[in-house]
$ cat run-v4.pdb   # PDB, C-alpha atoms, pLDDT in the B column
MODEL        1
ATOM      1  CA  ARG A 336       3.391  29.871   9.572  1.00 48.00           C
ATOM      2  CA  GLY A 337       0.522  27.420   9.239  1.00 46.00           C
ATOM      3  CA  GLY A 338      -0.567  29.053   5.984  1.00 53.00           C
ATOM      4  CA  THR A 339       2.967  28.907   4.641  1.00 72.00           C
ATOM      5  CA  GLN A 340       3.238  25.197   5.440  1.00 75.00           C
ATOM      6  CA  CYS A 341      -0.139  24.508   3.822  1.00 83.00           C
ATOM      7  CA  GLY A 342       0.891  26.395   0.695  1.00 82.00           C
ATOM      8  CA  ARG A 343       4.185  24.527   0.614  1.00 85.00           C
ATOM      9  CA  GLU A 344       2.387  21.185   0.782  1.00 90.00           C
ATOM     10  CA  VAL A 345      -0.031  22.164  -1.983  1.00 92.00           C
ATOM     11  CA  LEU A 346       2.755  23.318  -4.303  1.00 93.00           C
ATOM     12  CA  ALA A 347       4.795  20.170  -3.603  1.00 94.00           C
ATOM     13  CA  LYS A 348       1.795  17.976  -4.477  1.00 94.00           C
ATOM     14  CA  VAL A 349       1.046  19.950  -7.658  1.00 95.00           C
ATOM     15  CA  LEU A 350       4.678  19.576  -8.708  1.00 95.00           C
ATOM     16  CA  GLU A 351       4.609  15.835  -7.978  1.00 95.00           C
ATOM     17  CA  LEU A 352       1.464  15.380 -10.070  1.00 94.00           C
ATOM     18  CA  GLY A 353       2.898  17.493 -12.890  1.00 95.00           C
ATOM     19  CA  LYS A 354       6.034  15.365 -13.060  1.00 96.00           C
ATOM     20  CA  ARG A 355       3.923  12.188 -13.029  1.00 93.00           C
ATOM     21  CA  LEU A 356       1.705  13.412 -15.858  1.00 94.00           C
ATOM     22  CA  ALA A 357       4.729  14.481 -17.891  1.00 94.00           C
ATOM     23  CA  LEU A 358       6.234  11.011 -17.517  1.00 92.00           C
ATOM     24  CA  GLU A 359       3.009   9.128 -18.261  1.00 92.00           C
ATOM     25  CA  THR A 360       1.973  11.201 -21.275  1.00 93.00           C
ATOM     26  CA  GLY A 361       5.414  11.954 -22.715  1.00 92.00           C
ATOM     27  CA  ARG A 362       4.349  15.570 -23.240  1.00 92.00           C
ATOM     28  CA  GLY A 363       7.390  17.828 -23.327  1.00 93.00           C
ATOM     29  CA  GLU A 364       5.395  20.939 -22.469  1.00 94.00           C
ATOM     30  CA  LEU A 365       4.331  19.377 -19.163  1.00 94.00           C
ATOM     31  CA  ALA A 366       7.930  18.511 -18.326  1.00 95.00           C
ATOM     32  CA  SER A 367       8.987  22.085 -19.108  1.00 96.00           C
ATOM     33  CA  TRP A 368       6.149  23.468 -16.986  1.00 96.00           C
ATOM     34  CA  ALA A 369       7.167  21.263 -14.021  1.00 96.00           C
ATOM     35  CA  ARG A 370      10.813  22.317 -14.344  1.00 96.00           C
ATOM     36  CA  GLY A 371       9.767  25.970 -14.467  1.00 96.00           C
ATOM     37  CA  LEU A 372       7.622  25.563 -11.360  1.00 95.00           C
ATOM     38  CA  PHE A 373      10.573  23.972  -9.524  1.00 96.00           C
ATOM     39  CA  ASP A 374      12.911  26.804 -10.556  1.00 96.00           C
ATOM     40  CA  ARG A 375      10.456  29.458  -9.355  1.00 93.00           C
ATOM     41  CA  ALA A 376       9.839  27.630  -6.073  1.00 92.00           C
ATOM     42  CA  VAL A 377      13.513  27.362  -5.109  1.00 93.00           C
ATOM     43  CA  ALA A 378      14.056  31.035  -6.037  1.00 92.00           C
ATOM     44  CA  THR A 379      11.248  32.230  -3.735  1.00 86.00           C
ATOM     45  CA  SER A 380      12.318  33.863  -0.478  1.00 81.00           C
ATOM     46  CA  GLU A 381      10.456  34.561   2.738  1.00 75.00           C
ATOM     47  CA  SER A 382      11.750  36.523   5.742  1.00 71.00           C
ATOM     48  CA  GLY A 383      15.270  36.501   4.345  1.00 66.00           C
ATOM     49  CA  GLY A 384      15.363  32.748   3.709  1.00 76.00           C
ATOM     50  CA  ARG A 385      14.407  30.366   0.929  1.00 83.00           C
ATOM     51  CA  LEU A 386      10.828  29.150   1.074  1.00 83.00           C
ATOM     52  CA  PHE A 387      11.842  25.851  -0.552  1.00 90.00           C
ATOM     53  CA  GLU A 388      15.292  24.421   0.147  1.00 93.00           C
ATOM     54  CA  TRP A 389      15.099  21.683  -2.456  1.00 95.00           C
ATOM     55  CA  VAL A 390      18.294  20.974  -4.395  1.00 95.00           C
ATOM     56  CA  PHE A 391      17.281  18.299  -6.900  1.00 97.00           C
ATOM     57  CA  PHE A 392      14.329  18.409  -9.306  1.00 97.00           C
ATOM     58  CA  GLU A 393      13.796  14.713  -8.509  1.00 97.00           C
ATOM     59  CA  GLN A 394      13.545  15.364  -4.751  1.00 97.00           C
ATOM     60  CA  THR A 395      10.669  17.711  -3.919  1.00 97.00           C
ATOM     61  CA  PRO A 396       8.870  16.438  -0.780  1.00 95.00           C
ATOM     62  CA  ALA A 397       6.557  18.770   1.112  1.00 93.00           C
ATOM     63  CA  GLN A 398       8.737  18.441   4.223  1.00 91.00           C
ATOM     64  CA  PHE A 399      12.423  18.808   3.447  1.00 93.00           C
ATOM     65  CA  PHE A 400      15.275  18.806   5.962  1.00 93.00           C
ATOM     66  CA  PRO A 401      18.291  20.265   4.137  1.00 93.00           C
ATOM     67  CA  ARG A 402      20.903  18.955   6.588  1.00 93.00           C
ATOM     68  CA  LEU A 403      20.087  15.318   5.875  1.00 93.00           C
ATOM     69  CA  ALA A 404      22.089  13.413   3.265  1.00 94.00           C
ATOM     70  CA  ALA A 405      20.526  13.505  -0.200  1.00 95.00           C
ATOM     71  CA  ARG A 406      21.281  10.208  -1.938  1.00 96.00           C
ATOM     72  CA  ARG A 407      18.955   8.145  -4.073  1.00 97.00           C
ATOM     73  CA  TRP A 408      20.366   4.718  -3.162  1.00 98.00           C
ATOM     74  CA  TRP A 409      21.952   3.368   0.017  1.00 97.00           C
ATOM     75  CA  ARG A 410      23.954   0.216   0.738  1.00 96.00           C
ATOM     76  CA  GLY A 411      23.146  -2.393   3.330  1.00 95.00           C
ATOM     77  CA  ASP A 412      26.642  -2.196   4.857  1.00 96.00           C
ATOM     78  CA  GLU A 413      26.149   1.418   5.953  1.00 94.00           C
ATOM     79  CA  ALA A 414      25.288   2.363   9.528  1.00 84.00           C
ATOM     80  CA  PRO A 415      22.664   2.297  10.923  1.00 83.00           C
ATOM     81  CA  LEU A 416      21.328  -0.190   8.358  1.00 91.00           C
ATOM     82  CA  VAL A 417      23.695  -3.048   9.167  1.00 93.00           C
ATOM     83  CA  PRO A 418      21.769  -4.654  12.090  1.00 91.00           C
ATOM     84  CA  LEU A 419      18.465  -4.716  10.204  1.00 92.00           C
ATOM     85  CA  VAL A 420      19.975  -5.982   6.943  1.00 95.00           C
ATOM     86  CA  HIS A 421      21.910  -8.685   8.809  1.00 95.00           C
ATOM     87  CA  ALA A 422      18.822  -9.838  10.728  1.00 94.00           C
ATOM     88  CA  LEU A 423      16.697 -10.071   7.575  1.00 95.00           C
ATOM     89  CA  THR A 424      19.410 -11.812   5.550  1.00 96.00           C
ATOM     90  CA  GLU A 425      20.049 -14.416   8.231  1.00 96.00           C
ATOM     91  CA  ALA A 426      16.349 -15.160   8.651  1.00 96.00           C
ATOM     92  CA  PHE A 427      15.425 -15.033   4.954  1.00 97.00           C
ATOM     93  CA  PRO A 428      15.069 -18.818   4.334  1.00 97.00           C
ATOM     94  CA  ALA A 429      12.647 -19.136   7.248  1.00 97.00           C
ATOM     95  CA  ILE A 430      10.800 -15.923   6.315  1.00 95.00           C
ATOM     96  CA  ARG A 431      10.338 -17.056   2.713  1.00 94.00           C
ATOM     97  CA  GLY A 432       9.184 -20.514   3.803  1.00 94.00           C
ATOM     98  CA  GLU A 433       6.513 -19.063   6.071  1.00 91.00           C
ATOM     99  CA  PHE A 434       5.414 -16.672   3.342  1.00 89.00           C
ATOM    100  CA  LEU A 435       5.016 -19.520   0.837  1.00 90.00           C
ATOM    101  CA  GLN A 436       2.953 -21.476   3.368  1.00 89.00           C
ATOM    102  CA  LEU A 437       0.779 -18.431   3.878  1.00 83.00           C
ATOM    103  CA  LEU A 438       0.107 -18.194   0.139  1.00 80.00           C
ATOM    104  CA  HIS A 439      -0.417 -21.949  -0.138  1.00 75.00           C
ATOM    105  CA  HIS A 440      -3.244 -21.717   2.376  1.00 72.00           C
ATOM    106  CA  GLY A 441      -4.913 -18.967   0.377  1.00 67.00           C
ATOM    107  CA  HIS A 442      -4.191 -16.097   2.765  1.00 70.00           C
ATOM    108  CA  GLU A 443      -4.967 -12.860   0.923  1.00 68.00           C
ATOM    109  CA  LEU A 444      -2.948  -9.696   1.311  1.00 70.00           C
ATOM    110  CA  GLY A 445      -4.750  -6.400   1.848  1.00 67.00           C
ATOM    111  CA  GLU A 446      -5.930  -3.969  -0.788  1.00 65.00           C
ATOM    112  CA  GLY A 447      -4.152  -0.823  -1.965  1.00 63.00           C
ATOM    113  CA  ASP A 448      -5.356   2.365  -3.589  1.00 63.00           C
ATOM    114  CA  ALA A 449      -6.960   2.002  -7.010  1.00 58.00           C
ATOM    115  CA  TYR A 450      -4.524   4.387  -8.708  1.00 55.00           C
ATOM    116  CA  LYS A 451      -1.606   2.229  -7.570  1.00 66.00           C
ATOM    117  CA  MET A 452      -2.423  -0.311 -10.275  1.00 68.00           C
ATOM    118  CA  GLY A 453      -2.507  -3.580  -8.341  1.00 72.00           C
ATOM    119  CA  TRP A 454      -0.187  -2.691  -5.444  1.00 77.00           C
ATOM    120  CA  ARG A 455      -1.395  -4.182  -2.153  1.00 79.00           C
ATOM    121  CA  PHE A 456      -0.052  -4.154   1.379  1.00 79.00           C
ATOM    122  CA  VAL A 457      -0.522  -5.485   4.910  1.00 80.00           C
ATOM    123  CA  PRO A 458       0.795  -3.333   7.795  1.00 80.00           C
ATOM    124  CA  LEU A 459       2.828  -5.213  10.413  1.00 83.00           C
ATOM    125  CA  TRP A 460       3.887  -2.195  12.473  1.00 80.00           C
ATOM    126  CA  ALA A 461       3.771   1.610  12.212  1.00 70.00           C
ATOM    127  CA  SER A 462       5.196   4.375  14.361  1.00 67.00           C
ATOM    128  CA  GLY A 463       1.713   5.752  14.978  1.00 60.00           C
ATOM    129  CA  SER A 464       0.524   2.483  16.528  1.00 51.00           C
ATOM    130  CA  GLY A 465       2.389   2.731  19.810  1.00 46.00           C
ATOM    131  CA  VAL A 466       6.075   3.517  19.408  1.00 42.00           C
ATOM    132  CA  ASP A 467       6.426   3.890  23.173  1.00 44.00           C
ATOM    133  CA  ASP A 468       5.014   0.421  23.834  1.00 44.00           C
ATOM    134  CA  CYS A 469       6.976  -1.852  21.542  1.00 43.00           C
ATOM    135  CA  SER A 470       5.864  -4.956  23.416  1.00 42.00           C
ATOM    136  CA  THR A 471       2.305  -4.628  22.112  1.00 44.00           C
ATOM    137  CA  VAL A 472       2.529  -3.163  18.606  1.00 58.00           C
ATOM    138  CA  TRP A 473       3.668  -6.446  17.049  1.00 64.00           C
ATOM    139  CA  GLN A 474       0.721  -8.456  18.353  1.00 52.00           C
ATOM    140  CA  GLY A 475      -1.701  -9.954  15.832  1.00 66.00           C
ATOM    141  CA  PRO A 476      -2.125 -13.016  13.608  1.00 74.00           C
ATOM    142  CA  TRP A 477       0.353 -11.871  10.958  1.00 80.00           C
ATOM    143  CA  CYS A 478       3.198 -12.013  13.469  1.00 82.00           C
ATOM    144  CA  ASP A 479       2.000 -14.662  15.917  1.00 80.00           C
ATOM    145  CA  ARG A 480       0.596 -17.147  13.422  1.00 84.00           C
ATOM    146  CA  ASP A 481       1.772 -16.430   9.885  1.00 87.00           C
ATOM    147  CA  LEU A 482       5.207 -14.778   9.837  1.00 89.00           C
ATOM    148  CA  PRO A 483       6.902 -15.189  13.231  1.00 91.00           C
ATOM    149  CA  SER A 484      10.396 -15.363  11.717  1.00 93.00           C
ATOM    150  CA  LEU A 485       9.952 -12.028   9.953  1.00 93.00           C
ATOM    151  CA  CYS A 486       8.653 -10.305  13.066  1.00 89.00           C
ATOM    152  CA  ARG A 487      11.461 -11.732  15.208  1.00 90.00           C
ATOM    153  CA  ALA A 488      14.039 -10.472  12.716  1.00 92.00           C
ATOM    154  CA  LEU A 489      12.471  -7.017  12.637  1.00 89.00           C
ATOM    155  CA  ARG A 490      12.178  -6.778  16.411  1.00 85.00           C
ATOM    156  CA  ALA A 491      15.935  -7.324  16.720  1.00 81.00           C
ATOM    157  CA  ALA A 492      16.600  -3.902  15.182  1.00 78.00           C
ATOM    158  CA  TRP A 493      13.235  -2.174  15.309  1.00 75.00           C
ATOM    159  CA  PRO A 494      12.007   0.423  15.987  1.00 72.00           C
ATOM    160  CA  THR A 495      14.692   3.088  16.140  1.00 71.00           C
ATOM    161  CA  LEU A 496      12.408   6.031  16.962  1.00 65.00           C
ATOM    162  CA  GLY A 497      11.796   6.189  20.682  1.00 61.00           C
ATOM    163  CA  SER A 498      14.505   3.606  21.428  1.00 56.00           C
ATOM    164  CA  ALA A 499      17.181   4.142  24.061  1.00 49.00           C
ATOM    165  CA  GLY A 500      19.742   6.710  22.972  1.00 50.00           C
ATOM    166  CA  SER A 501      17.641   8.007  20.068  1.00 53.00           C
ATOM    167  CA  ALA A 502      16.681  11.674  20.039  1.00 51.00           C
ATOM    168  CA  ALA A 503      14.766  11.386  16.745  1.00 60.00           C
ATOM    169  CA  ILE A 504      11.024  12.015  16.663  1.00 62.00           C
ATOM    170  CA  ALA A 505       8.435  10.818  14.173  1.00 62.00           C
ATOM    171  CA  VAL A 506       7.510  13.224  11.372  1.00 68.00           C
ATOM    172  CA  ASN A 507       4.160  11.459  10.863  1.00 64.00           C
ATOM    173  CA  ASP A 508       2.276   8.296  11.838  1.00 61.00           C
ATOM    174  CA  TRP A 509       4.069   6.165   9.246  1.00 63.00           C
ATOM    175  CA  HIS A 510       7.594   7.552   9.696  1.00 76.00           C
ATOM    176  CA  GLU A 511       8.703   4.040  10.630  1.00 83.00           C
ATOM    177  CA  ALA A 512       6.628   1.194   9.254  1.00 84.00           C
ATOM    178  CA  ALA A 513       6.941  -2.508   8.464  1.00 87.00           C
ATOM    179  CA  GLU A 514       4.674  -3.889   5.747  1.00 86.00           C
ATOM    180  CA  LEU A 515       4.139  -6.790   3.407  1.00 87.00           C
ATOM    181  CA  GLN A 516       3.687  -5.408  -0.104  1.00 86.00           C
ATOM    182  CA  ALA A 517       2.570  -7.266  -3.219  1.00 86.00           C
ATOM    183  CA  MET A 518       2.398  -6.459  -6.919  1.00 87.00           C
ATOM    184  CA  PRO A 519       0.814  -8.905  -9.386  1.00 86.00           C
ATOM    185  CA  PRO A 520       2.451  -9.508 -12.786  1.00 88.00           C
ATOM    186  CA  GLY A 521       2.325  -6.352 -14.875  1.00 87.00           C
ATOM    187  CA  ALA A 522       1.497  -4.099 -11.923  1.00 87.00           C
ATOM    188  CA  ARG A 523       3.177  -0.740 -11.511  1.00 87.00           C
ATOM    189  CA  LEU A 524       3.317   1.879  -8.776  1.00 89.00           C
ATOM    190  CA  LEU A 525       3.290   5.302 -10.440  1.00 90.00           C
ATOM    191  CA  LEU A 526       5.796   8.103  -9.896  1.00 93.00           C
ATOM    192  CA  HIS A 527       5.500   9.699  -6.456  1.00 94.00           C
ATOM    193  CA  ASN A 528       7.483  10.706  -3.381  1.00 95.00           C
ATOM    194  CA  ASP A 529       6.715   9.927   0.257  1.00 93.00           C
ATOM    195  CA  GLY A 530       6.377  13.495   1.504  1.00 92.00           C
ATOM    196  CA  HIS A 531       9.548  13.969   3.580  1.00 93.00           C
ATOM    197  CA  ASN A 532      13.237  13.058   3.542  1.00 94.00           C
ATOM    198  CA  ALA A 533      13.629  11.833   7.125  1.00 91.00           C
ATOM    199  CA  ARG A 534      13.580   8.088   6.445  1.00 91.00           C
ATOM    200  CA  LEU A 535      14.859   5.376   4.113  1.00 94.00           C
ATOM    201  CA  ASN A 536      12.923   2.492   2.544  1.00 95.00           C
ATOM    202  CA  LEU A 537      14.328  -1.042   2.624  1.00 96.00           C
ATOM    203  CA  HIS A 538      12.678  -3.581   0.325  1.00 97.00           C
ATOM    204  CA  LEU A 539      13.356  -7.316   0.647  1.00 97.00           C
ATOM    205  CA  ALA A 540      12.102  -9.479  -2.245  1.00 96.00           C
ATOM    206  CA  LEU A 541      10.332 -12.539  -0.805  1.00 94.00           C
ATOM    207  CA  LEU A 542       8.944 -13.889  -4.074  1.00 91.00           C
ATOM    208  CA  GLY A 543       9.185 -12.872  -7.728  1.00 91.00           C
ATOM    209  CA  GLY A 544      12.395 -10.919  -7.281  1.00 93.00           C
ATOM    210  CA  ALA A 545      13.501 -11.682 -10.841  1.00 93.00           C
ATOM    211  CA  GLY A 546      10.705  -9.485 -12.216  1.00 94.00           C
ATOM    212  CA  GLY A 547      10.714  -6.755  -9.582  1.00 94.00           C
ATOM    213  CA  TRP A 548      12.250  -3.330 -10.118  1.00 96.00           C
ATOM    214  CA  LEU A 549      12.503   0.131  -8.587  1.00 97.00           C
ATOM    215  CA  THR A 550      13.232   3.431 -10.315  1.00 97.00           C
ATOM    216  CA  VAL A 551      14.536   6.213  -8.065  1.00 98.00           C
ATOM    217  CA  GLY A 552      15.156   9.501  -9.807  1.00 95.00           C
ATOM    218  CA  SER A 553      16.323   8.485 -13.251  1.00 92.00           C
ATOM    219  CA  GLU A 554      17.976   5.188 -12.295  1.00 97.00           C
ATOM    220  CA  THR A 555      16.266   1.789 -12.399  1.00 97.00           C
ATOM    221  CA  ARG A 556      17.548  -1.147 -10.373  1.00 98.00           C
ATOM    222  CA  ARG A 557      16.207  -4.696 -10.406  1.00 97.00           C
ATOM    223  CA  PHE A 558      16.058  -7.074  -7.486  1.00 97.00           C
ATOM    224  CA  GLY A 559      17.253  -9.897  -9.725  1.00 95.00           C
ATOM    225  CA  SER A 560      16.403 -12.704  -7.307  1.00 95.00           C
ATOM    226  CA  ASP A 561      14.467 -13.574  -4.168  1.00 95.00           C
ATOM    227  CA  GLY A 562      16.280 -12.437  -1.042  1.00 96.00           C
ATOM    228  CA  ALA A 563      17.743  -9.344  -2.709  1.00 97.00           C
ATOM    229  CA  ILE A 564      17.514  -6.040  -0.831  1.00 97.00           C
ATOM    230  CA  LEU A 565      17.218  -2.537  -2.281  1.00 98.00           C
ATOM    231  CA  ILE A 566      17.444   0.549  -0.060  1.00 98.00           C
ATOM    232  CA  PHE A 567      16.516   4.026  -1.238  1.00 98.00           C
ATOM    233  CA  ASP A 568      15.443   7.491  -0.128  1.00 97.00           C
ATOM    234  CA  PRO A 569      11.686   7.733  -0.851  1.00 96.00           C
ATOM    235  CA  SER A 570      11.712  11.530  -0.838  1.00 97.00           C
ATOM    236  CA  PHE A 571      13.078  11.208  -4.390  1.00 98.00           C
ATOM    237  CA  ASP A 572      10.562  10.560  -7.151  1.00 97.00           C
ATOM    238  CA  HIS A 573      10.248   6.799  -7.465  1.00 97.00           C
ATOM    239  CA  GLU A 574       8.292   4.055  -9.197  1.00 95.00           C
ATOM    240  CA  ALA A 575       8.029   0.297  -8.771  1.00 94.00           C
ATOM    241  CA  GLY A 576       6.848  -2.551 -10.935  1.00 92.00           C
ATOM    242  CA  ASN A 577       6.718  -6.281 -11.589  1.00 92.00           C
ATOM    243  CA  ASP A 578       7.650  -7.434 -15.079  1.00 91.00           C
ATOM    244  CA  ALA A 579       7.175 -11.132 -14.338  1.00 84.00           C
ATOM    245  CA  ALA A 580       4.790 -12.974 -16.615  1.00 75.00           C
ATOM    246  CA  ASP A 581       3.164 -15.143 -13.964  1.00 74.00           C
ATOM    247  CA  GLN A 582       4.555 -14.545 -10.472  1.00 65.00           C
ATOM    248  CA  GLU A 583       3.533 -11.999  -7.899  1.00 61.00           C
ATOM    249  CA  ARG A 584       6.254  -9.914  -6.312  1.00 60.00           C
TER     250      ARG A 584
ENDMDL
END
$ encode --input "run-v4.pdb" --output "structure tokens"
Amino acid sequence: RGGTQCGREVLAKVLELGKRLALETGRGELASWARGLFDRAVATSESGGRLFEWVFFEQTPAQFFPRLAARRWWRGDEAPLVPLVHALTEAFPAIRGEFLQLLHHGHELGEGDAYKMGWRFVPLWASGSGVDDCSTVWQGPWCDRDLPSLCRALRAAWPTLGSAGSAAIAVNDWHEAAELQAMPPGARLLLHNDGHNARLNLHLALLGGAGGWLTVGSETRRFGSDGAILIFDPSFDHEAGNDAADQER
């Protein structure tokens, strides 16, 4: 079983890289090769069952749970997203004000991977940092000193894993995570998926929303303004970018 899972992860990563290269180079033969690899993978059987239960060419994570809903985009008025979306929307003016003060005082965000072309992030909370002790995982200067309104809003509906009445368990250390992410003008996060389909990503534009965009599958949506929220399933192939001429997103 362990060998099968390892092989599944390797094939999923090869397929992800093939689709990325096909998109970046525009080479039709690479796109055809990736489609052929997908078709062969979903046709492969093991012990009477399918080795890969993928349905969509655009959704090929290494860990795939076929009983979960497969939708690229989600709305903020859908359960269980409503409490979190409401808390963030209500607190947005205060959150944005604190964020602008943080930038005004020259506070730098963290660094991202080189291949992510300018994308940077600062972790505020992650499910691997103590999901069973929610009173301590939010401690630190980013919450206590810099962005207390954001952390208060998140705490109102966060985390869901390990909370009362929840039977869900974490798939990995970052199954649930809260982060500040930044992309300078012209930056772009290349095509990828997040490895499993057991979570959703919610992005709130604090600054530079007019230039920010996400592509999930074949559909691109723009934030359009600061305060806008986009919610998507990151197990689908997705990209992100900032088209603004002079403002970080």
$ closest_residue --input "run-v4.pdb" --among "A:Arg385, A:Arg523, A:Arg487, A:Arg455" --to "A:Ile430" --atoms "all atoms listed in the file"
A:Arg487
$ atom_distance --input "run-v4.pdb" --atom1 "atom CA of A:Ala426" --atom2 "atom CA of A:Asp568"
24.3 Å
$ residues_around --input "run-v4.pdb" --residues "stretch 569-574 of chain A" --least-positions-apart "6" --cutoff "7 Å" --atoms "only C-alpha atoms" --output "list in words"
Glu393, Gln394, Thr395, Pro396, Arg407, Leu524, Leu525, Leu526, His527, Asn528, Asp529, Gly530, His531, Asn532, Leu535, Asn536, Leu549, Thr550, Val551 and Gly552 of chain A
$ residues_around --input "run-v4.pdb" --residues "A:Asp481" --least-positions-apart "4" --cutoff "8 Å" --atoms "all atoms listed in the file" --output "list in words"
Glu433, Phe434, Leu437, Pro476 and Trp477 of chain A
$ atom_distance --input "run-v4.pdb" --atom1 "atom CA of A:Leu438" --atom2 "atom CA of A:Leu542"
10.7 Å
$ residues_near_point --input "run-v4.pdb" --point "(12.7, -6.1, 9.7)" --cutoff "12 Å" --atoms "all atoms listed in the file" --output "number ranges by chain"
A: 416-427, 430, 459-460, 473, 478, 482-495, 511-515, 536-539, 564
$ axis_aligned_box --input "run-v4.pdb" --around "stretch 386-399 of chain A" --padding-each-side "5 Å" --output "lines of an AutoDock Vina configuration file"
center_x = 12.4
center_y = 21.9
center_z = -2.5
size_x = 21.7
size_y = 24.4
size_z = 23.5
$ closest_residue --input "run-v4.pdb" --among "A:Ala545, A:His510, A:Gly576, A:Arg534" --to "A:Pro415" --atoms "all atoms listed in the file"
A:Arg534
$ residues_around --input "run-v4.pdb" --residues "A:Phe400" --least-positions-apart "3" --cutoff "10 Å" --atoms "all atoms listed in the file" --output "PyMOL selection string"
chain A and resi 388-389+396-397+403-405+531-533
$ write_last_selection --input "run-v4.pdb" --atoms "C-alpha atoms" --output "tab-separated table (two decimals), in the coordinates of the input"
chain	number	residue	atom	x	y	z
A	388	GLU	CA	15.29	24.42	0.15
A	389	TRP	CA	15.10	21.68	-2.46
A	396	PRO	CA	8.87	16.44	-0.78
A	397	ALA	CA	6.56	18.77	1.11
A	403	LEU	CA	20.09	15.32	5.88
A	404	ALA	CA	22.09	13.41	3.26
A	405	ALA	CA	20.53	13.50	-0.20
A	531	HIS	CA	9.55	13.97	3.58
A	532	ASN	CA	13.24	13.06	3.54
A	533	ALA	CA	13.63	11.83	7.12
$ decode --input "run-v4.pdb" --residues "stretch 360-371 of chain A" --atoms "N, CA, C and O atoms" --output "PDB file, in the first residue's frame"
ATOM      1  N   THR A 360       4.893  26.948 -22.092  1.00  0.00           N
ATOM      2  CA  THR A 360       5.610  26.915 -23.370  1.00  0.00           C
ATOM      3  C   THR A 360       4.682  26.996 -24.574  1.00  0.00           C
ATOM      4  O   THR A 360       5.129  27.304 -25.677  1.00  0.00           O
ATOM      5  N   GLY A 361       3.390  26.696 -24.365  1.00  0.00           N
ATOM      6  CA  GLY A 361       2.452  26.687 -25.483  1.00  0.00           C
ATOM      7  C   GLY A 361       2.666  25.526 -26.441  1.00  0.00           C
ATOM      8  O   GLY A 361       2.174  25.559 -27.573  1.00  0.00           O
ATOM      9  N   ARG A 362       3.373  24.501 -26.003  1.00  0.00           N
ATOM     10  CA  ARG A 362       3.685  23.367 -26.879  1.00  0.00           C
ATOM     11  C   ARG A 362       2.541  22.360 -26.854  1.00  0.00           C
ATOM     12  O   ARG A 362       2.243  21.740 -25.829  1.00  0.00           O
ATOM     13  N   GLY A 363       1.895  22.180 -27.995  1.00  0.00           N
ATOM     14  CA  GLY A 363       0.758  21.293 -28.096  1.00  0.00           C
ATOM     15  C   GLY A 363       1.085  19.852 -27.793  1.00  0.00           C
ATOM     16  O   GLY A 363       0.265  19.110 -27.242  1.00  0.00           O
ATOM     17  N   GLU A 364       2.325  19.416 -28.129  1.00  0.00           N
ATOM     18  CA  GLU A 364       2.684  18.030 -27.895  1.00  0.00           C
ATOM     19  C   GLU A 364       2.757  17.719 -26.401  1.00  0.00           C
ATOM     20  O   GLU A 364       2.457  16.604 -25.958  1.00  0.00           O
ATOM     21  N   LEU A 365       3.168  18.724 -25.591  1.00  0.00           N
ATOM     22  CA  LEU A 365       3.185  18.527 -24.152  1.00  0.00           C
ATOM     23  C   LEU A 365       1.769  18.415 -23.599  1.00  0.00           C
ATOM     24  O   LEU A 365       1.491  17.599 -22.714  1.00  0.00           O
ATOM     25  N   ALA A 366       0.867  19.247 -24.098  1.00  0.00           N
ATOM     26  CA  ALA A 366      -0.522  19.175 -23.665  1.00  0.00           C
ATOM     27  C   ALA A 366      -1.133  17.821 -24.012  1.00  0.00           C
ATOM     28  O   ALA A 366      -1.858  17.216 -23.209  1.00  0.00           O
ATOM     29  N   SER A 367      -0.839  17.319 -25.205  1.00  0.00           N
ATOM     30  CA  SER A 367      -1.348  16.011 -25.619  1.00  0.00           C
ATOM     31  C   SER A 367      -0.766  14.899 -24.758  1.00  0.00           C
ATOM     32  O   SER A 367      -1.465  13.946 -24.386  1.00  0.00           O
ATOM     33  N   TRP A 368       0.530  15.003 -24.439  1.00  0.00           N
ATOM     34  CA  TRP A 368       1.169  14.010 -23.585  1.00  0.00           C
ATOM     35  C   TRP A 368       0.515  13.989 -22.203  1.00  0.00           C
ATOM     36  O   TRP A 368       0.230  12.912 -21.655  1.00  0.00           O
ATOM     37  N   ALA A 369       0.264  15.191 -21.617  1.00  0.00           N
ATOM     38  CA  ALA A 369      -0.352  15.260 -20.297  1.00  0.00           C
ATOM     39  C   ALA A 369      -1.758  14.674 -20.320  1.00  0.00           C
ATOM     40  O   ALA A 369      -2.153  13.936 -19.415  1.00  0.00           O
ATOM     41  N   ARG A 370      -2.523  14.976 -21.360  1.00  0.00           N
ATOM     42  CA  ARG A 370      -3.875  14.417 -21.477  1.00  0.00           C
ATOM     43  C   ARG A 370      -3.816  12.897 -21.600  1.00  0.00           C
ATOM     44  O   ARG A 370      -4.616  12.186 -20.977  1.00  0.00           O
ATOM     45  N   GLY A 371      -2.862  12.385 -22.367  1.00  0.00           N
ATOM     46  CA  GLY A 371      -2.721  10.945 -22.506  1.00  0.00           C
ATOM     47  C   GLY A 371      -2.351  10.277 -21.196  1.00  0.00           C
ATOM     48  O   GLY A 371      -2.854   9.187 -20.868  1.00  0.00           O
TER      49      GLY A 371
END
